[in-house]
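Printed here is query_16.cif (mmCIF, C-alpha atoms (C1' of nucleotides)):
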```
data_coords
loop_
_atom_site.label_atom_id
_atom_site.label_comp_id
_atom_site.auth_asym_id
_atom_site.auth_seq_id
_atom_site.Cartn_x
_atom_site.Cartn_y
_atom_site.Cartn_z
CA MET V 108 86.89 40.97 154.71
CA THR V 109 83.74 42.90 154.05
CA PRO V 110 83.83 45.75 151.55
CA GLU V 111 83.35 48.31 154.35
CA THR V 112 86.71 47.48 155.90
CA ALA V 113 88.90 47.13 152.80
CA PRO V 114 91.94 49.33 153.34
CA ALA V 115 92.33 52.42 151.16
CA THR V 116 94.84 51.91 148.40
CA ARG V 117 95.21 55.45 147.22
CA ARG V 118 95.98 58.57 149.22
CA ARG V 119 94.68 62.05 148.66
CA GLY V 120 95.07 65.52 150.09
CA GLU V 121 97.24 66.04 153.16
CA VAL V 122 98.15 62.38 153.59
CA LEU V 123 99.68 62.28 150.15
CA ASP V 124 101.25 65.73 150.51
CA GLU V 125 102.94 64.63 153.72
CA ALA V 126 104.25 61.46 152.08
CA ILE V 127 105.80 63.56 149.33
CA ARG V 128 107.38 66.00 151.77
CA SER V 129 108.73 63.15 153.83
CA ALA V 130 110.20 61.53 150.73
CA VAL V 131 111.98 64.73 149.74
CA LEU V 132 113.53 65.13 153.18
CA ASP V 133 114.60 61.48 153.26
CA LEU V 134 116.30 61.87 149.91
CA VAL V 135 118.10 65.06 150.99
CA ILE V 136 119.33 63.30 154.10
CA ASP V 137 120.47 60.21 152.22
CA HIS V 138 121.84 61.69 149.02
CA GLY V 139 121.90 65.46 149.27
CA VAL V 140 119.91 67.72 147.06
CA ALA V 141 121.27 66.02 143.92
CA GLY V 142 119.39 62.91 144.98
CA VAL V 143 116.07 64.69 144.77
CA THR V 144 114.89 63.77 141.29
CA MET V 145 111.29 63.47 140.22
CA GLU V 146 111.82 59.76 139.67
CA ALA V 147 113.31 59.30 143.13
CA VAL V 148 110.65 61.33 144.91
CA ALA V 149 107.83 59.53 143.17
CA SER V 150 109.35 56.16 143.98
CA ARG V 151 110.12 57.06 147.58
CA ALA V 152 106.67 58.49 148.22
CA GLY V 153 104.98 55.52 146.57
CA THR V 154 103.33 57.71 144.02
CA SER V 155 103.78 58.54 140.35
CA LYS V 156 105.41 61.35 138.42
CA PRO V 157 102.16 62.66 136.94
CA VAL V 158 101.03 63.20 140.56
CA LEU V 159 104.09 65.37 141.19
CA TYR V 160 103.75 67.26 137.93
CA ARG V 161 100.14 67.95 138.75
CA ARG V 162 101.35 69.91 141.75
CA TRP V 163 104.64 71.39 140.62
CA ASP V 164 105.80 72.25 137.14
CA SER V 165 109.43 71.64 137.99
CA ARG V 166 111.86 70.01 140.34
CA ALA V 167 112.98 73.43 141.51
CA ALA V 168 109.44 74.34 142.52
CA LEU V 169 109.04 71.07 144.39
CA LEU V 170 112.31 71.65 146.26
CA ARG V 171 111.42 75.20 147.13
CA ASP V 172 107.94 74.34 148.37
CA THR V 173 109.28 71.49 150.45
CA LEU V 174 112.53 72.74 151.95
CA VAL V 175 111.65 76.29 152.87
CA PRO V 176 108.66 75.49 155.15
CA LEU V 177 110.85 72.94 156.96
CA ALA V 178 113.33 75.67 157.79
CA MET V 179 110.49 77.95 158.77
CA LYS V 180 109.23 75.85 161.64
CA ALA V 181 112.53 75.12 163.27
CA ILE V 182 113.06 77.95 165.69
CA PRO V 183 111.07 79.12 168.71
CA SER V 184 109.97 82.71 168.81
CA THR V 185 109.61 83.24 172.50
CA ASP V 186 109.58 85.95 175.19
CA THR V 187 111.19 84.41 178.23
CA GLY V 188 111.49 87.55 180.33
CA SER V 189 115.10 88.51 179.72
CA TYR V 190 117.38 89.11 176.76
CA ARG V 191 119.80 86.53 178.08
CA SER V 192 117.29 83.75 178.40
CA ASP V 193 115.67 84.69 175.09
CA MET V 194 119.03 84.25 173.40
CA LEU V 195 119.72 80.99 175.20
CA ALA V 196 116.40 79.62 173.98
CA ILE V 197 116.87 80.84 170.42
CA LEU V 198 120.40 79.53 170.06
CA GLN V 199 119.38 76.22 171.62
CA GLY V 200 116.59 76.08 169.03
CA TRP V 201 119.11 76.50 166.24
CA ALA V 202 121.39 73.90 167.80
CA ASP V 203 118.51 71.43 168.05
CA PHE V 204 117.56 72.09 164.44
CA PHE V 205 121.12 71.48 163.25
CA ALA V 206 121.23 68.23 165.21
CA SER V 207 117.88 67.04 163.82
CA PRO V 208 117.32 65.13 160.58
CA ALA V 209 115.82 68.27 159.06
CA GLY V 210 119.15 70.03 159.61
CA ALA V 211 120.26 68.36 156.39
CA ILE V 212 118.36 71.03 154.50
CA GLY V 213 120.84 73.68 155.70
CA PRO V 214 123.76 72.70 153.45
CA ALA V 215 121.29 71.65 150.77
CA ILE V 216 119.77 75.11 150.58
CA VAL V 217 123.13 76.89 150.86
CA GLY V 218 124.52 74.81 148.02
CA ALA V 219 121.50 75.36 145.82
CA MET V 220 120.78 79.06 146.29
CA PRO V 221 123.47 80.54 144.07
CA HIS V 222 121.82 78.95 141.04
CA ASP V 223 118.21 79.06 142.07
CA PRO V 224 117.16 82.69 142.56
CA GLU V 225 113.62 81.72 143.48
CA LEU V 226 114.82 79.42 146.23
CA ALA V 227 117.15 82.15 147.44
CA ALA V 228 114.30 84.66 147.45
CA ALA V 229 112.00 82.27 149.30
CA PHE V 230 114.62 81.37 151.90
CA ARG V 231 116.04 84.85 152.44
CA GLY V 232 112.79 86.71 151.97
CA GLY V 233 110.89 84.18 154.05
CA VAL V 234 112.83 82.32 156.71
CA ILE V 235 115.73 84.69 157.18
CA ALA V 236 113.66 87.86 157.06
CA TRP V 237 111.36 86.37 159.67
CA ARG V 238 114.28 85.42 161.88
CA LYS V 239 115.76 88.89 161.53
CA GLN V 240 112.47 90.43 162.59
CA ALA V 241 112.18 88.14 165.58
CA MET V 242 115.74 88.97 166.63
CA ALA V 243 115.06 92.69 166.30
CA GLU V 244 112.00 92.15 168.49
CA THR V 245 114.14 90.39 171.08
CA LEU V 246 116.57 93.30 171.14
CA ARG V 247 113.72 95.77 171.39
CA ARG V 248 112.35 94.01 174.43
CA GLY V 249 115.83 94.04 175.95
CA ILE V 250 116.08 97.78 175.37
CA ALA V 251 112.67 98.32 176.94
CA ARG V 252 113.78 96.37 180.01
CA GLY V 253 117.00 98.38 180.23
CA GLU V 254 119.11 95.28 179.62
CA VAL V 255 120.25 96.31 176.15
CA ARG V 256 121.74 99.66 175.23
CA GLU V 257 119.60 101.89 173.08
CA ASP V 258 122.29 102.45 170.48
CA VAL V 259 122.97 98.72 169.97
CA PRO V 260 123.89 98.08 166.33
CA VAL V 261 120.89 95.91 165.54
CA ASP V 262 122.18 94.72 162.17
CA VAL V 263 125.17 92.97 163.68
CA ALA V 264 123.71 92.13 167.09
CA ARG V 265 120.82 90.15 165.69
CA GLU V 266 123.03 87.81 163.68
CA LEU V 267 126.05 87.41 165.91
CA GLY V 268 125.00 84.36 167.88
CA GLN V 269 123.58 82.26 165.08
CA ALA V 270 126.46 83.17 162.79
CA LEU V 271 128.78 81.29 165.12
CA LEU V 272 126.50 78.26 165.17
CA TRP V 273 126.04 78.21 161.41
CA HIS V 274 129.79 78.52 161.01
CA ARG V 275 130.36 75.40 163.08
CA PHE V 276 127.51 73.54 161.43
CA LEU V 277 128.41 74.34 157.84
CA ILE V 278 132.12 75.15 157.77
CA THR V 279 134.23 73.80 160.56
CA GLY V 280 132.15 70.84 161.75
CA ASP V 281 133.13 71.60 165.34
CA PRO V 282 130.67 70.56 168.04
CA ILE V 283 127.83 72.82 169.11
CA THR V 284 127.35 72.30 172.82
CA ARG V 285 125.25 73.86 175.56
CA GLU V 286 128.48 75.23 177.01
CA LEU V 287 129.27 76.94 173.73
CA ILE V 288 125.79 78.50 173.65
CA GLU V 289 126.19 79.82 177.17
CA GLU V 290 129.65 81.16 176.34
CA ILE V 291 128.33 82.95 173.28
CA VAL V 292 125.48 84.51 175.26
CA ASP V 293 127.37 85.40 178.41
CA ASP V 294 130.80 86.31 177.03
CA ILE V 295 129.91 87.83 173.68
CA LEU V 296 126.27 88.79 173.28
CA VAL V 297 125.47 90.18 176.71
CA PRO V 298 128.68 92.27 177.03
CA PHE V 299 128.28 93.52 173.48
CA THR V 300 124.67 94.63 173.94
CA ALA V 301 124.71 95.75 177.56
CA PRO V 302 124.26 99.41 178.44
CA ARG V 303 127.51 101.18 178.98
CA GLY V 304 128.01 102.20 182.52
CA MET W 189 154.41 78.89 107.86
CA THR W 190 157.60 76.94 108.33
CA PRO W 191 157.50 73.74 110.41
CA GLU W 192 159.56 75.38 113.19
CA THR W 193 156.82 77.89 113.95
CA ALA W 194 153.73 75.68 113.71
CA PRO W 195 151.67 76.29 116.83
CA ALA W 196 151.38 73.48 119.35
CA THR W 197 148.08 71.69 119.07
CA ARG W 198 148.22 69.64 122.22
CA ARG W 199 148.90 70.75 125.77
CA ARG W 200 150.76 68.85 128.46
CA GLY W 201 151.71 69.25 132.08
CA GLU W 202 150.87 72.45 133.91
CA VAL W 203 149.26 74.17 130.93
CA LEU W 204 146.74 71.39 130.59
CA ASP W 205 146.28 71.07 134.35
CA GLU W 206 145.50 74.77 134.58
CA ALA W 207 142.99 74.53 131.74
CA ILE W 208 141.20 71.75 133.59
CA ARG W 209 141.18 73.66 136.86
CA SER W 210 139.89 76.74 135.12
CA ALA W 211 137.15 74.72 133.44
CA VAL W 212 135.99 73.29 136.77
CA LEU W 213 135.79 76.71 138.37
CA ASP W 214 133.93 78.15 135.37
CA LEU W 215 131.39 75.36 135.59
CA VAL W 216 130.91 75.84 139.33
CA ILE W 217 130.34 79.54 138.77
CA ASP W 218 127.92 79.00 135.89
CA HIS W 219 126.01 75.95 137.04
CA GLY W 220 126.98 75.07 140.59
CA VAL W 221 128.63 71.86 141.54
CA ALA W 222 125.94 69.83 139.77
CA GLY W 223 127.21 71.27 136.52
CA VAL W 224 130.64 69.73 137.01
CA THR W 225 130.34 66.51 135.03
CA MET W 226 133.22 64.73 133.37
CA GLU W 227 131.64 65.47 130.00
CA ALA W 228 131.29 69.15 130.77
CA VAL W 229 134.79 69.54 132.19
CA ALA W 230 136.36 67.78 129.23
CA SER W 231 134.39 69.90 126.80
CA ARG W 232 135.09 73.14 128.63
CA ALA W 233 138.80 72.47 128.97
CA GLY W 234 139.07 71.45 125.33
CA THR W 235 140.29 68.02 126.25
CA SER W 236 138.89 64.51 126.39
CA LYS W 237 137.48 62.28 129.08
CA PRO W 238 140.30 59.73 128.95
CA VAL W 239 142.63 62.62 129.84
CA LEU W 240 140.57 63.32 132.96
CA TYR W 241 140.31 59.65 133.87
CA ARG W 242 144.03 59.33 133.48
CA ARG W 243 144.37 61.78 136.36
CA TRP W 244 141.38 61.09 138.56
CA ASP W 245 139.41 57.93 138.98
CA SER W 246 136.21 59.77 139.78
CA ARG W 247 134.35 63.02 139.57
CA ALA W 248 134.55 63.34 143.35
CA ALA W 249 138.35 63.13 143.26
CA LEU W 250 138.50 65.74 140.52
CA LEU W 251 136.27 68.08 142.49
CA ARG W 252 138.24 67.61 145.68
CA ASP W 253 141.61 68.15 144.01
CA THR W 254 140.37 71.25 142.26
CA LEU W 255 138.19 73.06 144.77
CA VAL W 256 140.19 72.62 147.96
CA PRO W 257 143.45 74.23 146.73
CA LEU W 258 141.43 77.18 145.47
CA ALA W 259 140.12 77.77 148.97
CA MET W 260 143.59 77.28 150.34
CA LYS W 261 145.16 80.21 148.59
CA ALA W 262 142.52 82.76 149.32
CA ILE W 263 143.54 84.30 152.61
CA PRO W 264 146.64 86.22 153.64
CA SER W 265 148.58 84.99 156.61
CA THR W 266 150.29 88.13 157.71
CA ASP W 267 151.87 89.80 160.72
CA THR W 268 151.02 93.45 160.44
CA GLY W 269 152.23 94.57 163.85
CA SER W 270 148.99 94.61 165.81
CA TYR W 271 146.10 92.28 166.50
CA ARG W 272 143.67 94.87 165.20
CA SER W 273 145.37 95.36 161.87
CA ASP W 274 145.98 91.61 161.55
CA MET W 275 142.26 91.03 161.90
CA LEU W 276 141.39 93.82 159.48
CA ALA W 277 143.68 92.26 156.88
CA ILE W 278 142.38 88.73 157.43
CA LEU W 279 138.72 89.67 157.31
CA GLN W 280 139.33 91.84 154.25
CA GLY W 281 140.98 88.79 152.67
CA TRP W 282 137.87 86.72 153.32
CA ALA W 283 135.66 89.50 151.99
CA ASP W 284 137.74 89.76 148.83
CA PHE W 285 137.59 85.99 148.38
CA PHE W 286 133.79 85.97 148.73
CA ALA W 287 133.52 88.77 146.19
CA SER W 288 135.81 87.00 143.72
CA PRO W 289 134.78 84.45 141.10
CA ALA W 290 136.42 81.75 143.20
CA GLY W 291 134.01 82.56 146.02
CA ALA W 292 131.54 80.36 144.19
CA ILE W 293 133.30 77.36 145.65
CA GLY W 294 132.10 78.29 149.13
CA PRO W 295 128.46 77.22 148.73
CA ALA W 296 129.57 74.46 146.40
CA ILE W 297 131.77 72.87 149.05
CA VAL W 298 129.23 73.43 151.83
CA GLY W 299 126.52 71.79 149.78
CA ALA W 300 128.69 68.84 148.84
CA MET W 301 130.43 67.99 152.11
CA PRO W 302 127.60 66.18 153.89
CA HIS W 303 127.71 63.44 151.25
CA ASP W 304 131.38 63.46 150.38
CA PRO W 305 133.39 62.58 153.48
CA GLU W 306 136.68 62.83 151.63
CA LEU W 307 135.92 66.35 150.48
CA ALA W 308 134.87 67.23 154.02
CA ALA W 309 138.11 65.79 155.38
CA ALA W 310 140.20 67.64 152.82
CA PHE W 311 138.46 70.94 153.39
CA ARG W 312 138.20 70.76 157.17
CA GLY W 313 141.48 68.97 157.72
CA GLY W 314 143.26 71.17 155.18
CA VAL W 315 141.90 74.64 154.69
CA ILE W 316 140.01 75.11 157.91
CA ALA W 317 142.66 73.55 160.13
CA TRP W 318 145.23 75.81 158.53
CA ARG W 319 143.08 78.87 159.07
CA LYS W 320 142.48 77.90 162.68
CA GLN W 321 146.20 77.58 163.23
CA ALA W 322 146.90 80.95 161.62
CA MET W 323 144.20 82.56 163.78
CA ALA W 324 145.64 81.00 166.91
CA GLU W 325 149.03 82.40 165.87
CA THR W 326 147.50 85.85 165.48
CA LEU W 327 146.03 85.64 168.96
CA ARG W 328 149.34 84.44 170.37
CA ARG W 329 151.15 87.40 168.90
CA GLY W 330 148.48 89.69 170.37
CA ILE W 331 149.00 88.11 173.79
CA ALA W 332 152.76 88.54 173.51
CA ARG W 333 152.27 92.22 172.70
CA GLY W 334 149.92 92.65 175.64
CA GLU W 335 147.02 93.53 173.35
CA VAL W 336 145.11 90.32 173.95
CA ARG W 337 144.27 88.87 177.37
CA GLU W 338 146.09 85.69 178.27
CA ASP W 339 142.92 83.81 179.11
CA VAL W 340 141.19 84.60 175.83
CA PRO W 341 138.97 81.65 174.78
CA VAL W 342 140.91 80.80 171.64
CA ASP W 343 138.33 78.35 170.30
CA VAL W 344 135.68 81.03 169.97
CA ALA W 345 137.90 84.05 169.39
CA ARG W 346 139.57 82.60 166.34
CA GLU W 347 136.32 82.00 164.49
CA LEU W 348 134.21 84.94 165.59
CA GLY W 349 135.03 87.40 162.83
CA GLN W 350 134.87 85.09 159.86
CA ALA W 351 131.72 83.43 161.18
CA LEU W 352 129.90 86.70 160.67
CA LEU W 353 131.24 87.08 157.15
CA TRP W 354 130.40 83.50 156.18
CA HIS W 355 126.93 83.98 157.61
CA ARG W 356 126.30 86.95 155.36
CA PHE W 357 127.89 85.29 152.37
CA LEU W 358 126.09 81.94 152.66
CA ILE W 359 122.90 82.57 154.60
CA THR W 360 121.54 86.08 154.61
CA GLY W 361 123.09 87.54 151.46
CA ASP W 362 123.55 90.86 153.22
CA PRO W 363 126.43 93.04 152.02
CA ILE W 364 129.94 92.64 153.38
CA THR W 365 131.47 96.11 153.51
CA ARG W 366 134.68 97.65 154.81
CA GLU W 367 132.56 99.39 157.43
CA LEU W 368 131.21 96.05 158.60
CA ILE W 369 134.71 94.64 158.88
CA GLU W 370 135.86 97.60 160.96
CA GLU W 371 132.78 97.32 163.14
CA ILE W 372 133.43 93.63 163.74
CA VAL W 373 137.07 94.27 164.64
CA ASP W 374 136.59 97.40 166.72
CA ASP W 375 133.26 96.72 168.40
CA ILE W 376 133.35 92.96 168.83
CA LEU W 377 136.78 91.39 168.44
CA VAL W 378 138.98 93.95 170.16
CA PRO W 379 136.70 94.43 173.20
CA PHE W 380 136.21 90.68 173.48
CA THR W 381 139.91 89.88 173.42
CA ALA W 382 141.37 92.90 175.22
CA PRO W 383 142.97 92.54 178.64
CA ARG W 384 140.60 93.31 181.46
CA GLY W 385 141.09 96.16 183.85
"C1'" DC H 82 166.87 59.80 114.88
"C1'" DA H 83 163.48 55.97 117.11
"C1'" DA H 84 160.67 54.81 120.82
"C1'" DA H 85 157.61 55.92 124.43
"C1'" DT H 86 154.08 58.57 126.29
"C1'" DA H 87 149.90 60.59 126.45
"C1'" DG H 88 146.63 64.09 124.26
"C1'" DG H 89 142.49 64.32 121.79
"C1'" DA H 90 138.69 62.61 118.66
"C1'" DA H 91 135.28 59.45 118.04
"C1'" DA H 92 132.58 55.84 119.23
"C1'" DC H 93 130.40 52.36 122.21
"C1'" DG H 94 126.68 50.18 125.23
"C1'" DC H 95 124.44 51.12 129.22
"C1'" DA H 96 121.82 53.61 132.77
"C1'" DA H 97 119.21 57.28 134.72
"C1'" DG H 98 116.25 60.91 134.30
"C1'" DC H 99 113.14 63.89 131.86
"C1'" DG H 100 108.31 65.29 130.62
"C1'" DT H 101 104.59 63.24 128.61
"C1'" DT H 102 100.77 60.04 127.29
"C1'" DT H 103 97.52 56.32 127.93
"C1'" DC H 104 94.87 53.49 130.71
"C1'" DT H 105 92.52 51.64 134.73
"C1'" DT H 106 90.18 52.39 138.67
"C1'" DG H 107 89.83 54.15 143.56
"C1'" DT H 108 87.63 57.84 145.80
"C1'" DA H 109 84.92 62.00 146.44
"C1'" DT H 110 80.97 64.53 145.26
"C1'" DG H 111 76.23 65.70 144.14
"C1'" DC B 4 73.21 55.73 142.44
"C1'" DA B 5 76.14 58.17 138.37
"C1'" DT B 6 79.65 61.31 137.40
"C1'" DA B 7 83.91 63.68 137.95
"C1'" DC B 8 88.35 63.84 139.56
"C1'" DA B 9 92.79 62.37 140.21
"C1'" DA B 10 95.93 58.54 141.92
"C1'" DG B 11 98.97 55.23 140.33
"C1'" DA B 12 101.00 51.92 136.87
"C1'" DA B 13 103.15 51.46 132.74
"C1'" DA B 14 105.12 52.95 128.81
"C1'" DC B 15 107.17 56.20 125.55
"C1'" DG B 16 111.00 58.72 122.97
"C1'" DC B 17 114.54 61.59 123.93
"C1'" DT B 18 118.69 63.51 126.19
"C1'" DT B 19 122.62 63.46 129.00
"C1'" DG B 20 126.19 61.34 131.27
"C1'" DC B 21 128.93 57.41 132.53
"C1'" DG B 22 133.24 54.64 132.04
"C1'" DT B 23 135.51 52.49 128.52
"C1'" DT B 24 137.82 51.30 124.08
"C1'" DT B 25 140.07 52.19 119.74
"C1'" DC B 26 142.70 54.92 116.88
"C1'" DC B 27 145.74 58.49 115.25
"C1'" DT B 28 149.38 61.36 116.09
"C1'" DA B 29 151.61 65.32 118.65
"C1'" DT B 30 155.16 65.78 121.78
"C1'" DT B 31 158.77 64.38 124.82
"C1'" DT B 32 162.55 61.60 126.00
"C1'" DG B 33 166.80 59.04 125.46
#
```
Using structure tokens, write down the structure that the file contains.
Amino acid sequence: MTPETAPATRRRGEVLDEAIRSAVLDLVIDHGVAGVTMEAVASRAGTSKPVLYRRWDSRAALLRDTLVPLAMKAIPSTDTGSYRSDMLAILQGWADFFASPAGAIGPAIVGAMPHDPELAAAFRGGVIAWRKQAMAETLRRGIARGEVREDVPVDVARELGQALLWHRFLITGDPITRELIEEIVDDILVPFTAPRG
Amino acid sequence: MTPETAPATRRRGEVLDEAIRSAVLDLVIDHGVAGVTMEAVASRAGTSKPVLYRRWDSRAALLRDTLVPLAMKAIPSTDTGSYRSDMLAILQGWADFFASPAGAIGPAIVGAMPHDPELAAAFRGGVIAWRKQAMAETLRRGIARGEVREDVPVDVARELGQALLWHRFLITGDPITRELIEEIVDDILVPFTAPRG
DNA sequence: CAAATAGGAAACGCAAGCGTTTCTTGTATG
DNA sequence: CATACAAGAAACGCTTGCGTTTCCTATTTG
């Protein structure tokens, strides 16, 4: 046990940041957003409240800075070569997110937004705006390939698939299967967006 | 001020029950579900905690018994004579509910269900099951009239319209307009369910 | 009318959480 | 090496909320 090999007892920088983020997610999963208190996060992350308050001036800021980036990295943005296979990949990405531990942030954010305008702005202005843009891009590529009609109502078309998945995830609790995804794409999305012949 | 006309100072039965229900909804609207504490409900309803505990053994039971019936009476179940006008009425009912003060219970329930299995069972087994049944009934009537194809995939068809509305209400915050409702019915639902050929 | 019920006020002891302060000391930097 | 920074432990005083008890008395019931 020489001094050179004594293990570090305190964490700094990214190591500590990751421990805090991980603690927040664990608490959301276990107890919902109400379980995310400064006391609980500090305890779970093996740190102290002054450490948290040095970074965030409030619980709301901590939640916002932790939950929103998790939602941001969930979904592939990918050009697969066809509108159909783009949509299959995107909807599968959502389904995988919902099935993952991080999916717990979905209902947490939805429940919190009505009373946290900054969280709502971050989530809708960040994550959702980005997803809308990516979906519009997907439709644009489809139009360029001649797979999607030029007068497709983009506003509705870009949300139609994920709306069904969110509905099952948040509201009805019904299963989200690969078969459902293919049905949505082949029986709803493709007919709805296809050029009219 | 004769004794016969002295105003009542205590409430009983339905009058008191309604005051409690109203207090819960007010608190959800103002503070979200986290604001619904036994202290706050008692104070808001102008009653006392023993009165609440005489009725419910826990905050969770009070929430469940208050929020779920509110969701239950939101939506018309109506036979208007055609599948199209049925769907217009139903989706307008959802839109009106979301725009009403009681709409606040939507995100409240969604946020709470992952950690309250009894609430989830009440909401999904009660409200949602009832809505699914009513939607299946609507499709059946459409089939009988020849407006809806006999092989319509009921599982997806019965949730498609409201999924889009819930998505806007809970996730994106985009407006829910009469034009949107008509677009959903005329451009998505009717083509998707219509007989082929 | 008398008796029973339960509404409402007030209080209780306890726990959890808040935001902050003080202190020690591990770790990074120059 | 010395210095600066910040991590982590511990404690603080305060607030809110919990579930419960006691008491008084309004209201209903028989």
Test item: residues at most 10 Å from stretch 97-101 of chain H, only C-alpha atoms (C1' of nucleotides), excluding those fewer than 5 positions along its chain, as a VMD selection string:
(chain V and resid 144 to 147 156 to 157 160 164 to 165) or (chain B and resid 15 to 21)
What separates atom CA of V:Leu296 and atom CA of V:Arg265 is a distance of 9.4 Å
For H:DT106, work out the shell of residues within 12 Å, counting all atoms listed in the file and skipping chain neighbours fewer than 4 positions away, then give it as an MDAnalysis selection string. (chainID V and resid 116:117) or (chainID B and resid 8:12)
Just so the selection is clear, what residues does the PyMOL selection byres ((chain W) within 10 of (chain V)) cover here, as a CSV table (one decimal) with C-alpha atoms, keeping the file's coordinate frame?
```csv
chain,number,residue,atom,x,y,z
W,216,VAL,CA,130.9,75.8,139.3
W,217,ILE,CA,130.3,79.5,138.8
W,218,ASP,CA,127.9,79.0,135.9
W,219,HIS,CA,126.0,76.0,137.0
W,220,GLY,CA,127.0,75.1,140.6
W,221,VAL,CA,128.6,71.9,141.5
W,222,ALA,CA,125.9,69.8,139.8
W,292,ALA,CA,131.5,80.4,144.2
W,293,ILE,CA,133.3,77.4,145.6
W,294,GLY,CA,132.1,78.3,149.1
W,295,PRO,CA,128.5,77.2,148.7
W,296,ALA,CA,129.6,74.5,146.4
W,297,ILE,CA,131.8,72.9,149.0
W,298,VAL,CA,129.2,73.4,151.8
W,299,GLY,CA,126.5,71.8,149.8
W,300,ALA,CA,128.7,68.8,148.8
W,301,MET,CA,130.4,68.0,152.1
W,302,PRO,CA,127.6,66.2,153.9
W,303,HIS,CA,127.7,63.4,151.2
W,304,ASP,CA,131.4,63.5,150.4
W,308,ALA,CA,134.9,67.2,154.0
W,311,PHE,CA,138.5,70.9,153.4
W,312,ARG,CA,138.2,70.8,157.2
W,313,GLY,CA,141.5,69.0,157.7
W,315,VAL,CA,141.9,74.6,154.7
W,316,ILE,CA,140.0,75.1,157.9
W,317,ALA,CA,142.7,73.6,160.1
W,320,LYS,CA,142.5,77.9,162.7
W,341,PRO,CA,139.0,81.6,174.8
W,343,ASP,CA,138.3,78.4,170.3
W,344,VAL,CA,135.7,81.0,170.0
W,345,ALA,CA,137.9,84.0,169.4
W,347,GLU,CA,136.3,82.0,164.5
W,348,LEU,CA,134.2,84.9,165.6
W,349,GLY,CA,135.0,87.4,162.8
W,350,GLN,CA,134.9,85.1,159.9
W,351,ALA,CA,131.7,83.4,161.2
W,352,LEU,CA,129.9,86.7,160.7
W,353,LEU,CA,131.2,87.1,157.2
W,354,TRP,CA,130.4,83.5,156.2
W,355,HIS,CA,126.9,84.0,157.6
W,356,ARG,CA,126.3,87.0,155.4
W,357,PHE,CA,127.9,85.3,152.4
W,358,LEU,CA,126.1,81.9,152.7
W,359,ILE,CA,122.9,82.6,154.6
W,360,THR,CA,121.5,86.1,154.6
W,361,GLY,CA,123.1,87.5,151.5
W,362,ASP,CA,123.6,90.9,153.2
W,368,LEU,CA,131.2,96.0,158.6
W,371,GLU,CA,132.8,97.3,163.1
W,372,ILE,CA,133.4,93.6,163.7
W,375,ASP,CA,133.3,96.7,168.4
W,376,ILE,CA,133.4,93.0,168.8
W,377,LEU,CA,136.8,91.4,168.4
W,379,PRO,CA,136.7,94.4,173.2
W,380,PHE,CA,136.2,90.7,173.5
```
_All residues 8 Å or closer to W:Thr254, all atoms listed in the file, same chain fewer than 3 positions away omitted, as a list of chain:residue names_ =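 Everything that qualifies: W:Arg209, W:Val212, W:Leu250, W:Leu251, W:Pro257, W:Leu258.
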